[in-house]
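The structure under discussion appears below in the form of structure tokens.
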Amino acid sequence: MKTHHILIVEDEAITRTKLAGYFESEGYRVSAVSCAREMRIVINQEDISMLLLDINLPDESGLLLAREVRAKSKMGIVLVTGKTDDIDRIVGLEIGADDYVTKPFNPRELLARVTNLLRRIHEHSETPIQHKSIYPFDGLLLDASRRHLLGRDKQEIKLTRAEFELLLVFMTHPGQVLNRDRLLSQVTHRSWDPNDRTIDVLIMRLRRKMERDYKHPVLFTTVHGEGYLFSGLDE
């Protein structure tokens, strides 16, 4: 695990230096930069496993940078910011970030989050899918082995890693009510916040992408007080 390369993008010199030193002391390879321009240079030259990205950079929005990186790479992305606004957190998850921490944070907690996320990414990339790979449902078709979802118009529906992982859990447990904790344990993102809304956000995004009318969902239904139920798999 600790051969992974972590890229820290943080404009505060003291925070950047402390983070780099902490992860290096734990055996990780670390690059640390202060702006978007330097970030792109490192990403183009190195094989990065994990991006720790400050939202508030001097040259560009960290949220926009996260979306740019996610469109091109499956590397882990953890957003770091001094803000506690839920809107930033939800937007960050919607554009494909895997986790979100706010300053000030405990470096040991951040290390645990990063290590856990790297382990999950590694497990998902290395472990072949053992169950069936083709899932038709409600006019859509998921090819799990290729991580490819075909829409009713025969066009590909783009999925983030977390969206795919969550959808695959539902595909393999049709007709079962799954609670949030169980669903959260199956996706790469891992939050330590008991009030975490990650699953709710992901369900909302899956509904928007797959339901015929996302305001009146029939594929992903809410079972109040229990969790979510997927009921659209074709026989």
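Order determines the names: the first chain of the structure tokens is A, the second B, and so forth; residues in each chain are numbered 1 upward, and ligands are numbered 1 upward as they are shown.
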Identify, on the basis of only C-alpha atoms, every residue whose closest approach to segment 219-223 of chain A does not exceed 8 Å; exclude the query and any residue fewer than 3 positions from it along the same chain; express the result as a ChimeraX atom specification.
/A:177,203,207,211,226-232
Residues of the last selection are to be written out with C-alpha atoms, as a PDB file, in the first residue's frame.
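Resulting contents of out-v2.pdb:
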```pdb
ATOM      1  CA  VAL A 177     -33.883  -3.360   1.506  1.00  0.00           C
ATOM      2  CA  ILE A 203     -29.056   7.653  -4.951  1.00  0.00           C
ATOM      3  CA  ARG A 207     -32.251   8.423 -10.113  1.00  0.00           C
ATOM      4  CA  GLU A 211     -35.306   6.797 -13.744  1.00  0.00           C
ATOM      5  CA  GLU A 226     -34.792   1.325   6.760  1.00  0.00           C
ATOM      6  CA  GLY A 227     -32.915   2.239   3.582  1.00  0.00           C
ATOM      7  CA  TYR A 228     -33.300   1.771  -0.163  1.00  0.00           C
ATOM      8  CA  LEU A 229     -34.765  -0.930  -2.379  1.00  0.00           C
ATOM      9  CA  PHE A 230     -33.927  -1.680  -6.013  1.00  0.00           C
ATOM     10  CA  SER A 231     -36.773  -3.384  -7.864  1.00  0.00           C
ATOM     11  CA  GLY A 232     -36.067  -2.949 -11.561  1.00  0.00           C
TER      12      GLY A 232
END
```
Residues within 10 Å of Lys158 of chain A, only C-alpha atoms, excluding chain neighbours under 3 positions, as a PyMOL selection string
chain A and resi 71+147-151+155+161+163-164+209
May I have the selected residues written with all heavy atoms, as an mmCIF file, in the first residue's frame?
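Generated output (out-v5.cif):
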```
data_model
loop_
_atom_site.group_PDB
_atom_site.id
_atom_site.type_symbol
_atom_site.label_atom_id
_atom_site.label_comp_id
_atom_site.auth_asym_id
_atom_site.auth_seq_id
_atom_site.Cartn_x
_atom_site.Cartn_y
_atom_site.Cartn_z
ATOM 1 N N ALA A 71 -12.706 13.318 -14.651
ATOM 2 C CA ALA A 71 -13.072 13.008 -16.041
ATOM 3 C C ALA A 71 -11.974 12.224 -16.755
ATOM 4 O O ALA A 71 -12.248 11.519 -17.732
ATOM 5 C CB ALA A 71 -13.363 14.300 -16.805
ATOM 6 N N ARG A 147 -17.816 -1.895 -16.813
ATOM 7 C CA ARG A 147 -18.305 -0.692 -16.145
ATOM 8 C C ARG A 147 -18.993 0.237 -17.135
ATOM 9 O O ARG A 147 -18.747 1.439 -17.169
ATOM 10 C CB ARG A 147 -17.169 0.020 -15.422
ATOM 11 C CG ARG A 147 -16.509 -0.810 -14.364
ATOM 12 C CD ARG A 147 -15.665 0.004 -13.425
ATOM 13 N NE ARG A 147 -15.132 -0.832 -12.349
ATOM 14 C CZ ARG A 147 -14.598 -0.365 -11.227
ATOM 15 N NH1 ARG A 147 -14.543 0.930 -11.033
ATOM 16 N NH2 ARG A 147 -14.134 -1.174 -10.307
ATOM 17 N N HIS A 148 -19.880 -0.356 -17.931
ATOM 18 C CA HIS A 148 -20.523 0.359 -19.033
ATOM 19 C C HIS A 148 -22.032 0.255 -18.870
ATOM 20 O O HIS A 148 -22.586 -0.847 -18.774
ATOM 21 C CB HIS A 148 -20.079 -0.274 -20.359
ATOM 22 C CG HIS A 148 -20.599 0.430 -21.574
ATOM 23 N ND1 HIS A 148 -21.848 0.175 -22.091
ATOM 24 C CD2 HIS A 148 -20.030 1.370 -22.376
ATOM 25 C CE1 HIS A 148 -22.036 0.931 -23.172
ATOM 26 N NE2 HIS A 148 -20.958 1.661 -23.352
ATOM 27 N N LEU A 149 -22.713 1.402 -18.823
ATOM 28 C CA LEU A 149 -24.165 1.434 -18.710
ATOM 29 C C LEU A 149 -24.757 2.016 -19.981
ATOM 30 O O LEU A 149 -24.432 3.140 -20.375
ATOM 31 C CB LEU A 149 -24.585 2.271 -17.508
ATOM 32 C CG LEU A 149 -26.099 2.440 -17.291
ATOM 33 C CD1 LEU A 149 -26.757 1.099 -17.004
ATOM 34 C CD2 LEU A 149 -26.383 3.428 -16.153
ATOM 35 N N LEU A 150 -25.634 1.241 -20.622
ATOM 36 C CA LEU A 150 -26.279 1.661 -21.868
ATOM 37 C C LEU A 150 -27.677 2.157 -21.557
ATOM 38 O O LEU A 150 -28.467 1.471 -20.897
ATOM 39 C CB LEU A 150 -26.336 0.492 -22.858
ATOM 40 C CG LEU A 150 -26.549 0.834 -24.329
ATOM 41 C CD1 LEU A 150 -25.378 1.638 -24.875
ATOM 42 C CD2 LEU A 150 -26.744 -0.452 -25.130
ATOM 43 N N GLY A 151 -28.001 3.356 -22.043
ATOM 44 C CA GLY A 151 -29.300 3.954 -21.780
ATOM 45 C C GLY A 151 -30.388 3.448 -22.698
ATOM 46 O O GLY A 151 -30.142 2.662 -23.622
ATOM 47 N N GLN A 155 -27.352 5.037 -25.869
ATOM 48 C CA GLN A 155 -26.161 5.843 -25.633
ATOM 49 C C GLN A 155 -25.613 5.527 -24.237
ATOM 50 O O GLN A 155 -26.365 5.213 -23.325
ATOM 51 C CB GLN A 155 -26.490 7.337 -25.733
ATOM 52 C CG GLN A 155 -27.006 7.766 -27.104
ATOM 53 C CD GLN A 155 -25.982 7.561 -28.202
ATOM 54 O OE1 GLN A 155 -24.821 7.961 -28.055
ATOM 55 N NE2 GLN A 155 -26.401 6.945 -29.290
ATOM 56 N N ARG A 161 -17.039 6.310 -10.278
ATOM 57 C CA ARG A 161 -16.703 5.051 -9.631
ATOM 58 C C ARG A 161 -17.701 4.719 -8.528
ATOM 59 O O ARG A 161 -18.191 3.586 -8.441
ATOM 60 C CB ARG A 161 -15.291 5.114 -9.048
ATOM 61 C CG ARG A 161 -14.900 3.841 -8.292
ATOM 62 C CD ARG A 161 -13.458 3.851 -7.821
ATOM 63 N NE ARG A 161 -13.189 5.007 -6.985
ATOM 64 C CZ ARG A 161 -12.264 5.925 -7.257
ATOM 65 N NH1 ARG A 161 -11.534 5.818 -8.351
ATOM 66 N NH2 ARG A 161 -12.054 6.944 -6.450
ATOM 67 N N GLU A 163 -20.798 5.751 -8.141
ATOM 68 C CA GLU A 163 -22.109 5.440 -8.718
ATOM 69 C C GLU A 163 -22.133 4.008 -9.230
ATOM 70 O O GLU A 163 -23.107 3.274 -9.015
ATOM 71 C CB GLU A 163 -22.424 6.411 -9.856
ATOM 72 C CG GLU A 163 -22.731 7.825 -9.404
ATOM 73 C CD GLU A 163 -22.781 8.812 -10.548
ATOM 74 O OE1 GLU A 163 -22.507 8.413 -11.710
ATOM 75 O OE2 GLU A 163 -23.061 9.990 -10.290
ATOM 76 N N PHE A 164 -21.069 3.603 -9.940
ATOM 77 C CA PHE A 164 -21.010 2.231 -10.455
ATOM 78 C C PHE A 164 -21.019 1.221 -9.317
ATOM 79 O O PHE A 164 -21.738 0.218 -9.357
ATOM 80 C CB PHE A 164 -19.763 2.042 -11.315
ATOM 81 C CG PHE A 164 -19.468 0.595 -11.606
ATOM 82 C CD1 PHE A 164 -20.186 -0.093 -12.572
ATOM 83 C CD2 PHE A 164 -18.484 -0.088 -10.892
ATOM 84 C CE1 PHE A 164 -19.939 -1.441 -12.824
ATOM 85 C CE2 PHE A 164 -18.220 -1.421 -11.144
ATOM 86 C CZ PHE A 164 -18.944 -2.098 -12.103
ATOM 87 N N LYS A 209 -30.091 9.876 -13.504
ATOM 88 C CA LYS A 209 -29.501 9.276 -14.699
ATOM 89 C C LYS A 209 -30.316 8.110 -15.254
ATOM 90 O O LYS A 209 -30.232 7.826 -16.451
ATOM 91 C CB LYS A 209 -28.078 8.791 -14.388
ATOM 92 C CG LYS A 209 -27.092 9.918 -14.135
ATOM 93 C CD LYS A 209 -25.682 9.385 -13.906
ATOM 94 C CE LYS A 209 -24.698 10.542 -13.717
ATOM 95 N NZ LYS A 209 -23.286 10.067 -13.577
#
```
Would you mind listing what lies within 6 Å of segment 99-112 of chain A as a PyMOL selection string, with only C-alpha atoms counted and same-chain residues fewer than 4 positions away left out?
chain A and resi 78-82+116+189
Written file, previous selection with all heavy atoms, as a short mmCIF file (atom, residue, chain, number, x, y, z; two decimals), in the first residue's frame:
```
data_model
loop_
_atom_site.label_atom_id
_atom_site.label_comp_id
_atom_site.auth_asym_id
_atom_site.auth_seq_id
_atom_site.Cartn_x
_atom_site.Cartn_y
_atom_site.Cartn_z
N VAL A 78 -9.53 13.33 -2.43
CA VAL A 78 -10.03 13.82 -1.14
C VAL A 78 -9.95 15.34 -1.16
O VAL A 78 -8.88 15.91 -1.33
CB VAL A 78 -9.21 13.27 0.04
CG1 VAL A 78 -9.71 13.86 1.35
CG2 VAL A 78 -9.29 11.74 0.08
N LEU A 79 -11.09 15.99 -0.99
CA LEU A 79 -11.13 17.45 -0.97
C LEU A 79 -10.86 17.95 0.44
O LEU A 79 -11.38 17.40 1.42
CB LEU A 79 -12.50 17.94 -1.44
CG LEU A 79 -12.87 17.61 -2.89
CD1 LEU A 79 -14.28 18.11 -3.20
CD2 LEU A 79 -11.87 18.20 -3.87
N VAL A 80 -10.06 19.00 0.54
CA VAL A 80 -9.69 19.59 1.82
C VAL A 80 -10.06 21.07 1.80
O VAL A 80 -9.71 21.78 0.86
CB VAL A 80 -8.19 19.44 2.10
CG1 VAL A 80 -7.83 20.02 3.47
CG2 VAL A 80 -7.76 17.98 2.02
N THR A 81 -10.76 21.53 2.84
CA THR A 81 -11.16 22.93 2.86
C THR A 81 -11.40 23.40 4.28
O THR A 81 -11.57 22.59 5.20
CB THR A 81 -12.46 23.13 2.04
OG1 THR A 81 -12.82 24.51 2.08
CG2 THR A 81 -13.59 22.31 2.61
N GLY A 82 -11.41 24.70 4.45
CA GLY A 82 -11.73 25.27 5.74
C GLY A 82 -13.21 25.48 5.92
O GLY A 82 -13.69 25.82 7.00
N ASN A 116 -7.51 3.82 3.93
CA ASN A 116 -8.69 3.02 3.66
C ASN A 116 -9.16 3.18 2.22
O ASN A 116 -9.52 2.21 1.55
CB ASN A 116 -9.81 3.43 4.62
CG ASN A 116 -11.05 2.58 4.44
OD1 ASN A 116 -11.06 1.41 4.79
ND2 ASN A 116 -12.10 3.16 3.88
N HIS A 189 -15.79 5.52 -1.45
CA HIS A 189 -15.84 6.60 -0.48
C HIS A 189 -16.13 6.04 0.89
O HIS A 189 -16.97 5.18 1.07
CB HIS A 189 -16.92 7.61 -0.86
CG HIS A 189 -17.22 8.59 0.25
ND1 HIS A 189 -16.45 9.70 0.45
CD2 HIS A 189 -18.17 8.59 1.20
CE1 HIS A 189 -16.93 10.37 1.49
NE2 HIS A 189 -17.96 9.71 1.96
#
```
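Across the model, the gap from atom CA of Ile121 of chain A to atom CA of Ser185 of chain A is 12.9 Å.
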Filtered DSSP result for segment 11-205 of chain A, state helix (DSSP H, G or I), as a PyMOL selection string
chain A and resi 13-25+36-45+62-72+86-94+107-126+161-172+180-185+198-205
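If only C-alpha atoms are the atoms counted, then among A:Leu7, A:Ala144, A:Leu166, A:Gly76 the closest residue to Gln45 of chain A is A:Leu7.
Residues of segment 80-220 of chain A that DSSP places in strand (DSSP E), based on the backbone of this structure, are Val80, Thr81, Asp99, Tyr100, Val101, Thr102, Ile134, Tyr135, Pro136, Phe137, Leu140, Leu141, Leu142, Asp143, His148, Leu149, Leu150, Glu156, Ile157, Val177, Leu178 and Phe220 of chain A.
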Mind checking which residues fall within 7 Å of segment 53-68 of chain A, counting only C-alpha atoms, ignoring those fewer than 5 positions away in the same chain, and posting them as a PyMOL selection string?
chain A and resi 8-11+35-36+78-81+92+95-97
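Between atom CA of Met75 of chain A and atom CA of Tyr135 of chain A there is a distance of 26.4 Å.
Put simply, atom CA of Asn44 of chain A is 27.0 Å away from atom CA of Ile157 of chain A.
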